[in-house]
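Asks: For reference, the structure I am asking about is given below.
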Amino acid sequence: GLAAYAGGDLKASADFFARAASGADLRLQSRAYYNRGNALFHQVGGPAAALSAAPAPLPNLSSQELANAESSVGEAIQMYENAIALDPQDADAKANYELAVLKQQQIQQQKQQQQKQQQQNQDQQKQDQQKQDQQKQDQQNQEQKQEEQKDQKQDQQQQQQAEQQPQPQPQQPNDQPKQEEQIKEEKPSEEMTPEEAAMMLDAMKAQEQSQRDQL
C-alpha cells in the first residue's frame, strides 16, 4: 500500500489500506485508516503527511469534479476519525483531519459559488431571451402599425380621387307627356255634342229663312 501510495497510485493504495483496516491489530488498523485517509485526501490536493499550513486553494473544477472531490475528502475525514478513535494520541491523524475539514469547507464554498454563478448565468440568459422576445414583439407591432398607416393613407387617397371626379348630372324627368296633356286640356275640343249640332243646324235654318224673307 505504501509503495502504491509513493508511486502515485492513490486508488490502489486506498484500496489496500481499506483491506488492512479490517485486520485484528488495532495499531495496524489505526495506521491503515490514517494512510487511506491520506490517499483519499491527496486526490483532492491534500497533504500526504501532517502539515500545519492551510490546504492549498482549489483549482477551478467542474460540477462533476467538485462532487468527486467532496466525496473523497468526506471519506478521508471519516478515515481520520476512525484512526483517531483507535489511537487518540495520533497527532498526524488529528492534524490531517483538521486540514481535511478545511478542504471540505473550500469545496462546499466553491460549489455554492458555482451554483450561484450558474443561477446568475441562467437568470442572465432568461433576461436576454425576454429582451430579445420583447424587441421582436416591438418590431412586429411597429411593422403592423406602419402597414395600417399605409392602408389608411391609400384609402384616403382613393377617397380624394373619387371626390375629385365629375359627378353625373341628374336626369331631368320627362315632362313632355304632361305638357302635351296640358295643351290638350287648354285647347278647346272641336267635336260637338248632338245638342250643339242640332242648335247649330236650327241657327243655320233660321238664317236661311231670314235671307229668303228679305228677298
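By order of appearance in the C-alpha cells: chains A, B, ..., then residues from 1 within every chain, and ligands from 1 in the order shown.
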Within 8 Å of Gly37 in chain A, counting only C-alpha atoms, which residues qualify if same-chain residues fewer than 5 places away don't, as a ChimeraX atom specification?
Replies: /A:14,75-80
Asks: If we count only C-alpha atoms, what is near Leu66 in chain A at a cut-off of 12 Å, once residues fewer than 3 positions away on the same chain are taken out, given as a list in words?
Replies: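 Contacts, with the query itself left out: Gln43, Val44, Leu58, Pro59, Asn60, Leu61, Ser62, Ser63, Ala69, Glu70, Ser71, Ser72, Val73, Gly74, Lys103, Gln104, Gln105, Gln106, Ile107, Gln108, Gln109, Gln110, Lys111, Gln112, Gln113, Gln114 and Gln115 of chain A.
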Asks: List as a ChimeraX atom specification the protein and nucleic acid residues near Glu81 in chain A, meaning an atom at most 10 Å away when only C-alpha atoms are counted, but skip any in the same chain fewer than 4 places from it.
Replies: /A:30,33-34,37,75-77,85-88,93-94,97
Asks: Write a file of the just-selected residues containing N, CA, C and O atoms, as a PDB file, in the first residue's frame.
Replies:
```
ATOM      1  N   SER A  30      -5.355   1.482  12.892  1.00  0.00           N
ATOM      2  CA  SER A  30      -5.281   2.935  13.008  1.00  0.00           C
ATOM      3  C   SER A  30      -4.416   3.525  11.894  1.00  0.00           C
ATOM      4  O   SER A  30      -4.789   4.507  11.252  1.00  0.00           O
ATOM      5  N   TYR A  33      -6.227   3.213   8.541  1.00  0.00           N
ATOM      6  CA  TYR A  33      -7.224   4.286   8.365  1.00  0.00           C
ATOM      7  C   TYR A  33      -6.542   5.613   8.031  1.00  0.00           C
ATOM      8  O   TYR A  33      -6.988   6.363   7.156  1.00  0.00           O
ATOM      9  N   TYR A  34      -5.475   5.873   8.759  1.00  0.00           N
ATOM     10  CA  TYR A  34      -4.748   7.136   8.532  1.00  0.00           C
ATOM     11  C   TYR A  34      -4.201   7.202   7.105  1.00  0.00           C
ATOM     12  O   TYR A  34      -4.350   8.201   6.398  1.00  0.00           O
ATOM     13  N   GLY A  37      -6.926   7.591   4.584  1.00  0.00           N
ATOM     14  CA  GLY A  37      -7.372   8.984   4.608  1.00  0.00           C
ATOM     15  C   GLY A  37      -6.431   9.872   3.813  1.00  0.00           C
ATOM     16  O   GLY A  37      -6.869  10.751   3.052  1.00  0.00           O
ATOM     17  N   GLU A  75     -14.829  11.054   2.730  1.00  0.00           N
ATOM     18  CA  GLU A  75     -14.384   9.736   3.163  1.00  0.00           C
ATOM     19  C   GLU A  75     -13.032   9.824   3.882  1.00  0.00           C
ATOM     20  O   GLU A  75     -12.783   9.088   4.853  1.00  0.00           O
ATOM     21  N   ALA A  76     -12.160  10.741   3.444  1.00  0.00           N
ATOM     22  CA  ALA A  76     -10.869  10.919   4.131  1.00  0.00           C
ATOM     23  C   ALA A  76     -11.087  11.369   5.561  1.00  0.00           C
ATOM     24  O   ALA A  76     -10.403  10.893   6.493  1.00  0.00           O
ATOM     25  N   ILE A  77     -12.041  12.291   5.760  1.00  0.00           N
ATOM     26  CA  ILE A  77     -12.346  12.751   7.122  1.00  0.00           C
ATOM     27  C   ILE A  77     -12.815  11.575   7.978  1.00  0.00           C
ATOM     28  O   ILE A  77     -12.427  11.442   9.153  1.00  0.00           O
ATOM     29  N   ALA A  85      -9.997   7.490  16.656  1.00  0.00           N
ATOM     30  CA  ALA A  85     -10.759   6.695  17.618  1.00  0.00           C
ATOM     31  C   ALA A  85      -9.945   5.504  18.110  1.00  0.00           C
ATOM     32  O   ALA A  85     -10.022   5.121  19.284  1.00  0.00           O
ATOM     33  N   LEU A  86      -9.150   4.911  17.226  1.00  0.00           N
ATOM     34  CA  LEU A  86      -8.312   3.780  17.621  1.00  0.00           C
ATOM     35  C   LEU A  86      -7.050   4.229  18.334  1.00  0.00           C
ATOM     36  O   LEU A  86      -6.528   3.505  19.184  1.00  0.00           O
ATOM     37  N   ASP A  87      -6.552   5.405  17.965  1.00  0.00           N
ATOM     38  CA  ASP A  87      -5.320   5.917  18.581  1.00  0.00           C
ATOM     39  C   ASP A  87      -5.478   7.399  18.851  1.00  0.00           C
ATOM     40  O   ASP A  87      -5.102   8.231  18.024  1.00  0.00           O
ATOM     41  N   PRO A  88      -6.077   7.772  19.986  1.00  0.00           N
ATOM     42  CA  PRO A  88      -6.312   9.190  20.295  1.00  0.00           C
ATOM     43  C   PRO A  88      -5.042  10.024  20.362  1.00  0.00           C
ATOM     44  O   PRO A  88      -5.106  11.253  20.280  1.00  0.00           O
ATOM     45  N   ALA A  93      -2.868  12.131  12.464  1.00  0.00           N
ATOM     46  CA  ALA A  93      -4.260  11.934  12.068  1.00  0.00           C
ATOM     47  C   ALA A  93      -5.107  13.146  12.459  1.00  0.00           C
ATOM     48  O   ALA A  93      -5.966  13.591  11.683  1.00  0.00           O
ATOM     49  N   LYS A  94      -4.849  13.700  13.650  1.00  0.00           N
ATOM     50  CA  LYS A  94      -5.594  14.876  14.091  1.00  0.00           C
ATOM     51  C   LYS A  94      -5.307  16.077  13.197  1.00  0.00           C
ATOM     52  O   LYS A  94      -6.223  16.827  12.814  1.00  0.00           O
ATOM     53  N   TYR A  97      -6.823  15.560   9.822  1.00  0.00           N
ATOM     54  CA  TYR A  97      -8.288  15.663   9.955  1.00  0.00           C
ATOM     55  C   TYR A  97      -8.722  17.128   9.874  1.00  0.00           C
ATOM     56  O   TYR A  97      -9.687  17.458   9.169  1.00  0.00           O
TER      57      TYR A  97
END
```
Asks: Nearest residue to Ala83 in chain A out of A:Lys126, A:Arg27, A:His42, A:Lys136, using only C-alpha atoms?
Replies: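 Of the candidates, the smallest distance to Ala83 in chain A is held by A:Arg27.
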